[in-house]
file upload_26.cif (mmCIF, C-alpha atoms)
data_target
loop_
_atom_site.label_atom_id
_atom_site.label_comp_id
_atom_site.auth_asym_id
_atom_site.auth_seq_id
_atom_site.Cartn_x
_atom_site.Cartn_y
_atom_site.Cartn_z
CA MET A 1 31.51 108.67 32.36
CA ARG A 2 34.57 108.50 34.62
CA VAL A 3 37.25 110.90 33.36
CA LEU A 4 40.86 111.16 34.50
CA ILE A 5 42.41 114.61 33.99
CA THR A 6 45.96 115.91 34.27
CA GLY A 7 46.56 119.66 34.48
CA ALA A 8 43.13 120.17 36.06
CA THR A 9 44.13 123.21 38.13
CA GLY A 10 45.09 125.29 35.10
CA MET A 11 42.96 127.85 33.29
CA ILE A 12 41.41 125.28 30.96
CA GLY A 13 41.30 122.42 33.44
CA ARG A 14 39.30 124.29 36.08
CA ALA A 15 36.56 125.12 33.61
CA LEU A 16 36.52 121.60 32.16
CA VAL A 17 36.23 119.98 35.60
CA GLN A 18 33.30 122.26 36.40
CA ALA A 19 31.56 121.38 33.14
CA LEU A 20 32.06 117.65 33.68
CA THR A 21 30.81 117.68 37.26
CA GLU A 22 27.80 119.79 36.28
CA ARG A 23 26.73 117.12 33.82
CA LYS A 24 27.27 114.44 36.49
CA ASP A 25 30.42 112.84 35.10
CA ARG A 26 32.87 111.49 37.68
CA VAL A 27 36.26 113.20 37.60
CA VAL A 28 39.61 111.88 38.80
CA VAL A 29 42.32 114.56 39.04
CA VAL A 30 46.03 113.75 39.03
CA THR A 31 47.71 116.63 40.85
CA ARG A 32 51.04 117.36 42.49
CA ASN A 33 49.35 119.34 45.28
CA ARG A 34 46.08 117.91 46.56
CA ASP A 35 45.40 120.69 49.07
CA ARG A 36 45.71 123.39 46.39
CA ALA A 37 43.62 121.35 43.95
CA GLU A 38 40.83 120.85 46.49
CA LYS A 39 40.68 124.59 47.14
CA LEU A 40 40.33 125.25 43.42
CA LEU A 41 38.14 122.32 42.38
CA GLY A 42 36.20 121.37 45.50
CA GLU A 43 35.24 118.02 46.95
CA ALA A 44 33.11 116.74 44.07
CA VAL A 45 36.12 115.13 42.38
CA GLU A 46 38.53 112.31 43.29
CA TYR A 47 42.22 113.06 43.71
CA GLN A 48 45.43 111.19 42.98
CA GLU A 49 48.34 113.14 44.46
CA ALA A 50 51.22 112.50 42.08
CA ASP A 51 53.35 114.14 39.42
CA PRO A 52 52.36 112.54 36.09
CA VAL A 53 55.90 113.11 34.82
CA TYR A 54 56.88 110.17 37.02
CA GLU A 55 55.56 106.60 37.00
CA GLY A 56 53.59 105.55 40.05
CA PRO A 57 50.45 103.92 41.47
CA TRP A 58 48.36 106.75 40.02
CA MET A 59 48.71 105.05 36.63
CA ASP A 60 46.42 102.24 37.81
CA GLU A 61 43.52 104.73 37.78
CA VAL A 62 43.74 105.03 33.99
CA GLY A 63 42.33 101.53 33.53
CA ARG A 64 39.41 102.36 35.81
CA CYS A 65 38.30 105.32 33.71
CA ASP A 66 36.25 105.65 30.53
CA ALA A 67 38.27 108.61 29.28
CA VAL A 68 41.52 110.49 29.85
CA VAL A 69 42.17 114.19 29.20
CA HIS A 70 45.80 115.29 29.18
CA LEU A 71 46.15 119.02 29.91
CA ALA A 72 49.36 119.01 31.97
CA GLY A 73 52.22 121.23 30.84
CA GLN A 74 54.42 123.87 32.43
CA PHE A 75 53.46 127.45 31.53
CA LEU A 76 55.37 128.42 28.39
CA PHE A 77 56.13 132.03 29.26
CA ALA A 78 57.12 131.87 32.91
CA HIS A 79 60.89 131.99 32.28
CA ARG A 80 63.40 132.63 29.54
CA TRP A 81 63.80 129.68 27.19
CA THR A 82 67.20 128.51 28.33
CA ALA A 83 68.25 124.96 27.47
CA ALA A 84 67.21 123.86 30.97
CA GLU A 85 63.82 125.60 30.71
CA LYS A 86 63.12 124.01 27.32
CA THR A 87 63.84 120.62 28.85
CA GLN A 88 61.33 121.33 31.63
CA LEU A 89 58.71 122.46 29.12
CA ARG A 90 59.19 119.28 27.10
CA ASN A 91 59.28 116.93 30.08
CA SER A 92 56.12 118.34 31.67
CA ARG A 93 54.19 117.54 28.49
CA ILE A 94 55.90 114.58 26.86
CA LEU A 95 56.98 112.45 29.83
CA SER A 96 53.51 112.75 31.35
CA ALA A 97 51.99 111.77 27.98
CA LEU A 98 54.35 108.77 27.78
CA ASN A 99 53.21 107.60 31.21
CA LEU A 100 49.55 107.99 30.30
CA VAL A 101 50.05 106.02 27.08
CA GLU A 102 51.94 103.30 28.95
CA ALA A 103 49.13 103.12 31.51
CA ILE A 104 46.63 102.74 28.68
CA HIS A 105 48.67 99.91 27.14
CA GLN A 106 48.87 98.14 30.51
CA SER A 107 45.14 98.40 31.22
CA LYS A 108 43.02 95.25 30.94
CA GLU A 109 40.14 97.49 29.87
CA PRO A 110 41.66 100.69 28.49
CA PRO A 111 39.64 103.90 28.33
CA LYS A 112 37.66 104.47 25.17
CA VAL A 113 39.20 107.87 24.42
CA PHE A 114 42.43 109.71 25.19
CA VAL A 115 42.03 113.44 24.55
CA SER A 116 45.46 115.04 24.38
CA THR A 117 46.33 118.71 24.16
CA SER A 118 48.63 120.42 21.69
CA ALA A 119 48.71 123.97 20.33
CA ILE A 120 48.52 125.88 17.07
CA GLY A 121 52.21 126.58 17.62
CA TYR A 122 52.49 123.31 15.68
CA TYR A 123 52.22 125.38 12.49
CA GLY A 124 55.22 127.59 13.31
CA GLU A 125 55.76 131.03 14.76
CA ASP A 126 55.01 133.26 11.77
CA VAL A 127 52.16 131.88 9.67
CA PRO A 128 50.38 134.55 7.59
CA SER A 129 48.40 132.10 5.43
CA ASP A 130 45.53 129.87 6.51
CA ARG A 131 46.43 126.57 8.18
CA GLN A 132 44.14 123.55 8.49
CA GLU A 133 44.59 120.29 10.37
CA ASP A 134 46.39 118.62 7.46
CA SER A 135 48.84 121.51 6.94
CA PRO A 136 52.52 120.66 7.52
CA ARG A 137 54.38 121.30 10.75
CA GLY A 138 56.21 124.60 10.95
CA GLU A 139 59.69 125.45 12.21
CA GLY A 140 60.92 126.51 15.64
CA PHE A 141 60.92 125.28 19.21
CA LEU A 142 57.16 125.37 19.75
CA ALA A 143 56.42 123.57 16.49
CA GLN A 144 58.81 120.76 17.38
CA LEU A 145 57.46 120.56 20.93
CA CYS A 146 53.88 120.22 19.70
CA ALA A 147 54.83 117.66 17.05
CA ASP A 148 56.66 115.47 19.58
CA TRP A 149 53.77 115.78 22.05
CA GLU A 150 51.28 114.67 19.41
CA THR A 151 53.45 111.76 18.26
CA VAL A 152 53.51 110.35 21.78
CA ALA A 153 49.76 110.77 22.26
CA GLN A 154 48.94 109.01 18.99
CA LYS A 155 50.62 105.84 20.30
CA ALA A 156 47.58 105.26 22.51
CA SER A 157 45.67 104.25 19.37
CA LYS A 158 47.66 100.97 19.33
CA SER A 159 45.44 99.87 22.23
CA GLY A 160 42.30 100.63 20.22
CA VAL A 161 41.77 103.96 21.94
CA ARG A 162 40.36 106.93 20.04
CA VAL A 163 42.82 109.86 20.18
CA PRO A 164 41.56 113.40 19.49
CA ILE A 165 44.37 115.97 19.75
CA VAL A 166 43.20 119.49 20.56
CA ARG A 167 45.46 122.14 19.01
CA VAL A 168 44.57 125.04 21.27
CA GLY A 169 44.66 128.61 20.01
CA VAL A 170 45.00 131.81 22.07
CA VAL A 171 42.51 131.31 24.90
CA LEU A 172 40.37 134.26 25.99
CA SER A 173 39.38 134.06 29.66
CA LYS A 174 38.75 136.36 32.62
CA ASP A 175 41.27 134.60 34.81
CA GLY A 176 44.34 133.81 32.79
CA GLY A 177 45.96 133.99 29.40
CA ILE A 178 46.39 137.01 27.16
CA ILE A 179 43.58 139.10 28.67
CA GLU A 180 44.97 138.81 32.18
CA LYS A 181 48.33 140.05 30.88
CA LEU A 182 47.11 142.86 28.62
CA ALA A 183 43.97 144.22 30.29
CA PRO A 184 45.72 146.04 33.18
CA GLN A 185 48.04 147.79 30.73
CA PHE A 186 45.06 148.93 28.65
CA ARG A 187 43.10 150.05 31.71
CA TRP A 188 46.03 152.30 32.62
CA GLY A 189 45.80 153.86 29.15
CA LEU A 190 49.10 152.32 28.06
CA GLY A 191 47.85 149.70 25.64
CA GLY A 192 48.85 149.24 22.03
CA LYS A 193 49.74 146.75 19.33
CA ILE A 194 52.72 144.43 19.66
CA GLY A 195 55.40 144.93 17.04
CA ASN A 196 53.92 145.87 13.67
CA GLY A 197 50.52 144.45 14.69
CA LYS A 198 50.15 142.45 11.48
CA GLN A 199 50.63 139.04 13.10
CA TRP A 200 47.53 136.88 13.30
CA ILE A 201 45.84 135.82 16.52
CA SER A 202 43.76 132.66 16.17
CA TRP A 203 41.80 132.83 19.39
CA ILE A 204 39.01 130.96 21.19
CA HIS A 205 36.76 131.83 24.14
CA ARG A 206 37.35 129.47 27.06
CA GLU A 207 33.69 128.44 27.13
CA ASP A 208 33.91 127.31 23.51
CA LEU A 209 37.18 125.51 24.21
CA VAL A 210 35.55 123.54 27.03
CA LYS A 211 32.79 122.59 24.60
CA VAL A 212 35.47 121.34 22.19
CA TYR A 213 36.90 119.03 24.85
CA LEU A 214 33.42 117.77 25.73
CA GLN A 215 32.69 117.03 22.08
CA CYS A 216 36.02 115.19 21.82
CA LEU A 217 34.93 113.01 24.74
CA ASP A 218 31.43 112.36 23.39
CA ASP A 219 31.73 112.21 19.59
CA GLU A 220 33.02 108.76 18.62
CA THR A 221 33.79 109.95 15.09
CA LEU A 222 36.15 112.73 16.21
CA SER A 223 39.86 111.90 16.28
CA GLY A 224 43.27 113.17 15.21
CA PRO A 225 44.32 116.84 15.22
CA ILE A 226 41.57 119.40 15.84
CA ASN A 227 42.16 123.14 15.54
CA ALA A 228 40.48 124.65 18.61
CA VAL A 229 40.13 128.21 17.34
CA ALA A 230 37.21 130.47 16.52
CA PRO A 231 36.32 130.78 12.82
CA HIS A 232 37.34 134.46 12.60
CA PRO A 233 40.98 135.20 13.55
CA VAL A 234 42.13 138.80 13.90
CA THR A 235 45.43 140.60 13.57
CA ASN A 236 47.22 141.74 16.70
CA ALA A 237 46.42 145.36 15.84
CA GLU A 238 42.71 144.56 15.48
CA PHE A 239 42.67 142.56 18.70
CA CYS A 240 44.24 145.44 20.60
CA ARG A 241 41.78 147.89 19.06
CA LEU A 242 38.84 145.72 20.13
CA LEU A 243 40.29 145.27 23.61
CA ALA A 244 40.72 149.01 24.03
CA GLN A 245 37.21 149.63 22.67
CA THR A 246 35.71 147.13 25.12
CA LEU A 247 37.50 148.76 28.05
CA HIS A 248 36.73 152.29 26.78
CA ARG A 249 40.42 153.14 26.78
CA PRO A 250 42.84 154.36 24.09
CA CYS A 251 45.08 152.10 22.04
CA TRP A 252 48.09 154.23 21.27
CA VAL A 253 51.26 152.92 23.00
CA PRO A 254 52.75 150.18 20.79
CA ILE A 255 55.31 147.73 22.14
CA PRO A 256 58.38 147.84 19.86
CA SER A 257 59.75 144.52 18.64
CA LEU A 258 63.26 145.26 19.88
CA ALA A 259 62.03 146.04 23.39
CA LEU A 260 60.02 142.82 23.51
CA LYS A 261 62.99 140.76 22.33
CA ALA A 262 65.22 142.37 24.94
CA ALA A 263 62.72 141.62 27.71
CA LEU A 264 61.65 138.12 26.70
CA GLY A 265 64.46 136.69 24.60
CA GLU A 266 63.40 133.81 22.35
CA ARG A 267 59.91 133.81 23.88
CA ALA A 268 59.22 137.03 21.96
CA THR A 269 59.04 135.05 18.71
CA ALA A 270 55.72 133.58 19.83
CA LEU A 271 54.26 137.07 20.31
CA LEU A 272 55.80 138.76 17.30
CA GLY A 273 54.80 135.87 15.06
CA GLY A 274 51.35 134.39 14.79
CA GLN A 275 49.19 131.80 13.10
CA GLN A 276 46.15 132.16 10.86
CA VAL A 277 44.36 128.91 11.60
CA SER A 278 40.99 127.52 10.52
CA PRO A 279 38.81 125.10 12.57
CA GLU A 280 37.97 122.92 9.57
CA LYS A 281 37.41 119.68 11.48
CA LEU A 282 35.07 121.37 13.96
CA LYS A 283 33.10 122.79 11.04
CA GLU A 284 32.85 119.32 9.51
CA HIS A 285 31.47 118.02 12.79
CA GLU A 286 28.96 120.90 13.00
CA PHE A 287 30.44 122.42 16.12
CA SER A 288 28.48 125.48 17.25
CA PHE A 289 30.59 128.39 18.50
CA GLN A 290 28.95 130.53 21.14
CA TYR A 291 31.53 133.25 20.43
CA PRO A 292 32.54 133.17 16.75
CA GLU A 293 33.56 136.86 16.70
CA CYS A 294 36.33 138.41 18.79
CA GLU A 295 34.27 141.49 19.64
CA SER A 296 31.47 139.47 21.22
CA ALA A 297 33.97 137.34 23.14
CA LEU A 298 35.68 140.38 24.63
CA GLN A 299 32.32 141.96 25.44
CA ASP A 300 31.31 138.85 27.36
CA LEU A 301 34.55 138.76 29.33
CA LEU A 302 35.19 142.43 30.01
CA ALA A 303 32.16 144.64 29.42
#
call {"tool": "encode", "arguments": {"input": "upload_26.cif", "output": "structure tokens"}}
result
Amino acid sequence: MRVLITGATGMIGRALVQALTERKDRVVVVTRNRDRAEKLLGEAVEYQEADPVYEGPWMDEVGRCDAVVHLAGQFLFAHRWTAAEKTQLRNSRILSALNLVEAIHQSKEPPKVFVSTSAIGYYGEDVPSDRQEDSPRGEGFLAQLCADWETVAQKASKSGVRVPIVRVGVVLSKDGGIIEKLAPQFRWGLGGKIGNGKQWISWIHREDLVKVYLQCLDDETLSGPINAVAPHPVTNAEFCRLLAQTLHRPCWVPIPSLALKAALGERATALLGGQQVSPEKLKEHEFSFQYPECESALQDLLA
């Protein structure tokens, strides 16, 4: 299988490229910085140096591939969510998706599958009750962003392309995401719950997430929204307790809501809220989680 990937140098993309090359698939990476990408991904992949937000010759590669995986998107928490920053966050996801869909439509032989990324932020920023793939969209900036992203991706189906949409939960990994941010604080003995700690964290180990993307590529019956989360979500307080336990450190310095709002602005809503999400479609397709429990996932990554 020849697979074109955007966002390949990110936390998820690096692991997915490795998994694809290990099983002898051919990978084409669209990247804004080829030198940096080669250092991260090696010489076993092909490179198209381009920004997928903009149209260009790179789009011709889409018709030469069997599959496309769209991971590109500016990091959500790098800057305050000003009007300009929100525009950048939208453009990095939606304009690149529009170009990929247009390339699919223009292809004489379009790829068989277009795997697009979304997030469980689709369900809103404070979701205490269980959400499944057919649950309604929530409110807020992230929910609207995810909904618009998914709407664009679904247009690829007009060319007869299968479109799985991976709604990614909180990714647990050694080199990125929530653990990279929180672990140093806990190692210093300054860790604790965020806000009241009651908000849900629907998480997934990166290895399981890569398996989700591989199944989306391979399983011809899998399409539409897919909740990429482990089957057992935890509250923020429980997650912090397990993190502290894994690191053999205390968990006793909570982060007050007001302090977080002052430091992060609107971004704090994503941390003070949460989503309780269920991977119903993965269960229906008999997906096997290597790390179904948060404790075992943290042990694998940090112990």
call {"tool": "closest_residue", "arguments": {"input": "upload_26.cif", "among": "A:Ala8, A:Ala19, A:Val253, A:Leu95", "to": "Tyr54 in chain A", "atoms": "all atoms listed in the file"}}
result
A:Leu95
call {"tool": "residues_around", "arguments": {"input": "upload_26.cif", "residues": "range 27-35 of chain A", "least_positions_apart": "4", "cutoff": "7 Å", "atoms": "all atoms listed in the file", "output": "PyMOL selection string"}}
result
chain A and resi 2-6+8+39+45-51
call {"tool": "residues_around", "arguments": {"input": "upload_26.cif", "residues": "Val163 in chain A", "least_positions_apart": "6", "cutoff": "8 Å", "atoms": "all atoms listed in the file", "output": "mmCIF file with C-alpha atoms, in the coordinates of the input"}}
result
data_model
loop_
_atom_site.group_PDB
_atom_site.id
_atom_site.type_symbol
_atom_site.label_atom_id
_atom_site.label_comp_id
_atom_site.auth_asym_id
_atom_site.auth_seq_id
_atom_site.Cartn_x
_atom_site.Cartn_y
_atom_site.Cartn_z
ATOM 1 C CA VAL A 113 39.200 107.870 24.420
ATOM 2 C CA PHE A 114 42.430 109.710 25.190
ATOM 3 C CA VAL A 115 42.030 113.440 24.550
ATOM 4 C CA SER A 116 45.460 115.040 24.380
ATOM 5 C CA ALA A 153 49.760 110.770 22.260
ATOM 6 C CA GLN A 154 48.940 109.010 18.990
ATOM 7 C CA ALA A 156 47.580 105.260 22.510
ATOM 8 C CA SER A 157 45.670 104.250 19.370
ATOM 9 C CA SER A 223 39.860 111.900 16.280
ATOM 10 C CA GLY A 224 43.270 113.170 15.210
#
call {"tool": "closest_residue", "arguments": {"input": "upload_26.cif", "among": "A:Glu102, A:Gln18, A:Met59, A:Gln275", "to": "Gly138 in chain A", "atoms": "all atoms listed in the file"}}
result
A:Gln275
call {"tool": "residues_around", "arguments": {"input": "upload_26.cif", "residues": "Glu125 in chain A", "least_positions_apart": "4", "cutoff": "9 Å", "atoms": "only C-alpha atoms", "output": "PyMOL selection string"}}
result
chain A and resi 121+138-143+269-275
call {"tool": "residues_around", "arguments": {"input": "upload_26.cif", "residues": "Ala183 in chain A", "least_positions_apart": "5", "cutoff": "10 Å", "atoms": "all atoms listed in the file", "output": "list in words"}}
result
Lys174, Ile178, Trp188, Gly189, Leu190, Gly191, Cys240, Leu243, Ala244, Leu247 and Leu302 of chain A
call {"tool": "closest_residue", "arguments": {"input": "upload_26.cif", "among": "A:Tyr122, A:Asp148, A:Val17, A:Val161", "to": "Gly63 in chain A", "atoms": "only C-alpha atoms"}}
result
A:Val161
call {"tool": "atom_distance", "arguments": {"input": "upload_26.cif", "atom1": "CA of Gly56 in chain A", "atom2": "CA of Arg26 in chain A"}}
result
21.7 Å
call {"tool": "atom_distance", "arguments": {"input": "upload_26.cif", "atom1": "CA of Val277 in chain A", "atom2": "CA of Ala147 in chain A"}}
result
16.3 Å
call {"tool": "resolve_selection", "arguments": {"input": "upload_26.cif", "expression": "the PyMOL selection byres ((chain A and resi 173) around 9)", "output": "count of residues only"}}
result
15
call {"tool": "atom_distance", "arguments": {"input": "upload_26.cif", "atom1": "CA of Val168 in chain A", "atom2": "CA of Leu100 in chain A"}}
result
19.9 Å
call {"tool": "resolve_selection", "arguments": {"input": "upload_26.cif", "expression": "the PyMOL selection byres ((chain A and resi 90) around 12)", "output": "number ranges by chain"}}
result
A: 53, 72-76, 81, 83-89, 91-98, 118, 141-150, 152
call {"tool": "write_last_selection", "arguments": {"input": "upload_26.cif", "atoms": "C-alpha atoms", "output": "PDB file, keeping the file's coordinate frame"}}
result
ATOM      1  CA  VAL A  53      55.900 113.110  34.820  1.00  0.00           C
ATOM      2  CA  ALA A  72      49.360 119.010  31.970  1.00  0.00           C
ATOM      3  CA  GLY A  73      52.220 121.230  30.840  1.00  0.00           C
ATOM      4  CA  GLN A  74      54.420 123.870  32.430  1.00  0.00           C
ATOM      5  CA  PHE A  75      53.460 127.450  31.530  1.00  0.00           C
ATOM      6  CA  LEU A  76      55.370 128.420  28.390  1.00  0.00           C
ATOM      7  CA  TRP A  81      63.800 129.680  27.190  1.00  0.00           C
ATOM      8  CA  ALA A  83      68.250 124.960  27.470  1.00  0.00           C
ATOM      9  CA  ALA A  84      67.210 123.860  30.970  1.00  0.00           C
ATOM     10  CA  GLU A  85      63.820 125.600  30.710  1.00  0.00           C
ATOM     11  CA  LYS A  86      63.120 124.010  27.320  1.00  0.00           C
ATOM     12  CA  THR A  87      63.840 120.620  28.850  1.00  0.00           C
ATOM     13  CA  GLN A  88      61.330 121.330  31.630  1.00  0.00           C
ATOM     14  CA  LEU A  89      58.710 122.460  29.120  1.00  0.00           C
ATOM     15  CA  ASN A  91      59.280 116.930  30.080  1.00  0.00           C
ATOM     16  CA  SER A  92      56.120 118.340  31.670  1.00  0.00           C
ATOM     17  CA  ARG A  93      54.190 117.540  28.490  1.00  0.00           C
ATOM     18  CA  ILE A  94      55.900 114.580  26.860  1.00  0.00           C
ATOM     19  CA  LEU A  95      56.980 112.450  29.830  1.00  0.00           C
ATOM     20  CA  SER A  96      53.510 112.750  31.350  1.00  0.00           C
ATOM     21  CA  ALA A  97      51.990 111.770  27.980  1.00  0.00           C
ATOM     22  CA  LEU A  98      54.350 108.770  27.780  1.00  0.00           C
ATOM     23  CA  SER A 118      48.630 120.420  21.690  1.00  0.00           C
ATOM     24  CA  PHE A 141      60.920 125.280  19.210  1.00  0.00           C
ATOM     25  CA  LEU A 142      57.160 125.370  19.750  1.00  0.00           C
ATOM     26  CA  ALA A 143      56.420 123.570  16.490  1.00  0.00           C
ATOM     27  CA  GLN A 144      58.810 120.760  17.380  1.00  0.00           C
ATOM     28  CA  LEU A 145      57.460 120.560  20.930  1.00  0.00           C
ATOM     29  CA  CYS A 146      53.880 120.220  19.700  1.00  0.00           C
ATOM     30  CA  ALA A 147      54.830 117.660  17.050  1.00  0.00           C
ATOM     31  CA  ASP A 148      56.660 115.470  19.580  1.00  0.00           C
ATOM     32  CA  TRP A 149      53.770 115.780  22.050  1.00  0.00           C
ATOM     33  CA  GLU A 150      51.280 114.670  19.410  1.00  0.00           C
ATOM     34  CA  VAL A 152      53.510 110.350  21.780  1.00  0.00           C
TER      35      VAL A 152
END
call {"tool": "closest_residue", "arguments": {"input": "upload_26.cif", "among": "A:Lys155, A:Arg14, A:Arg249, A:His70", "to": "Leu40 in chain A", "atoms": "all atoms listed in the file"}}
result
A:Arg14
call {"tool": "closest_residue", "arguments": {"input": "upload_26.cif", "among": "A:Ala37, A:Ile104, A:Cys251, A:Val170", "to": "Asp66 in chain A", "atoms": "all atoms listed in the file"}}
result
A:Ile104
call {"tool": "closest_residue", "arguments": {"input": "upload_26.cif", "among": "A:Val62, A:Ile255, A:Ala119, A:Ile165", "to": "Ala237 in chain A", "atoms": "all atoms listed in the file"}}
result
A:Ile255
call {"tool": "residues_around", "arguments": {"input": "upload_26.cif", "residues": "Glu295 in chain A", "least_positions_apart": "2", "cutoff": "10 Å", "atoms": "all atoms listed in the file", "output": "list in words"}}
result
Glu238, Phe239, Arg241, Leu242, Leu243, Gln245, Thr246, Tyr291, Pro292, Glu293, Ala297, Leu298, Gln299 and Asp300 of chain A
call {"tool": "resolve_selection", "arguments": {"input": "upload_26.cif", "expression": "the PyMOL selection byres ((chain A and resi 129-131) around 9)", "output": "PyMOL selection string"}}
result
chain A and resi 123+127-128+132-136+275-279
call {"tool": "build_atoms", "arguments": {"input": "upload_26.cif", "residues": "range 6-20 of chain A", "atoms": "N, CA and C atoms", "output": "CSV table (one decimal), keeping the file's coordinate frame"}}
result
chain,number,residue,atom,x,y,z
A,6,THR,N,44.7,115.3,33.8
A,6,THR,CA,46.0,115.9,34.3
A,6,THR,C,45.9,117.4,34.0
A,7,GLY,N,46.6,118.2,34.7
A,7,GLY,CA,46.6,119.7,34.5
A,7,GLY,C,45.2,120.3,34.8
A,8,ALA,N,44.5,119.7,35.8
A,8,ALA,CA,43.1,120.2,36.1
A,8,ALA,C,43.1,121.5,36.8
A,9,THR,N,44.2,121.9,37.4
A,9,THR,CA,44.1,123.2,38.1
A,9,THR,C,44.5,124.4,37.3
A,10,GLY,N,44.8,124.2,36.0
A,10,GLY,CA,45.1,125.3,35.1
A,10,GLY,C,43.8,126.0,34.6
A,11,MET,N,44.1,127.0,33.8
A,11,MET,CA,43.0,127.8,33.3
A,11,MET,C,41.9,127.0,32.5
A,12,ILE,N,42.3,126.1,31.7
A,12,ILE,CA,41.4,125.3,31.0
A,12,ILE,C,40.8,124.2,31.8
A,13,GLY,N,41.7,123.6,32.6
A,13,GLY,CA,41.3,122.4,33.4
A,13,GLY,C,40.2,122.8,34.4
A,14,ARG,N,40.3,123.9,35.1
A,14,ARG,CA,39.3,124.3,36.1
A,14,ARG,C,37.9,124.4,35.4
A,15,ALA,N,37.9,125.0,34.3
A,15,ALA,CA,36.6,125.1,33.6
A,15,ALA,C,36.0,123.8,33.1
A,16,LEU,N,36.9,122.9,32.6
A,16,LEU,CA,36.5,121.6,32.2
A,16,LEU,C,36.0,120.7,33.3
A,17,VAL,N,36.7,120.7,34.4
A,17,VAL,CA,36.2,120.0,35.6
A,17,VAL,C,34.8,120.4,36.0
A,18,GLN,N,34.6,121.7,36.0
A,18,GLN,CA,33.3,122.3,36.4
A,18,GLN,C,32.2,121.8,35.4
A,19,ALA,N,32.5,121.8,34.1
A,19,ALA,CA,31.6,121.4,33.1
A,19,ALA,C,31.3,119.9,33.3
A,20,LEU,N,32.3,119.1,33.5
A,20,LEU,CA,32.1,117.6,33.7
A,20,LEU,C,31.2,117.3,34.9
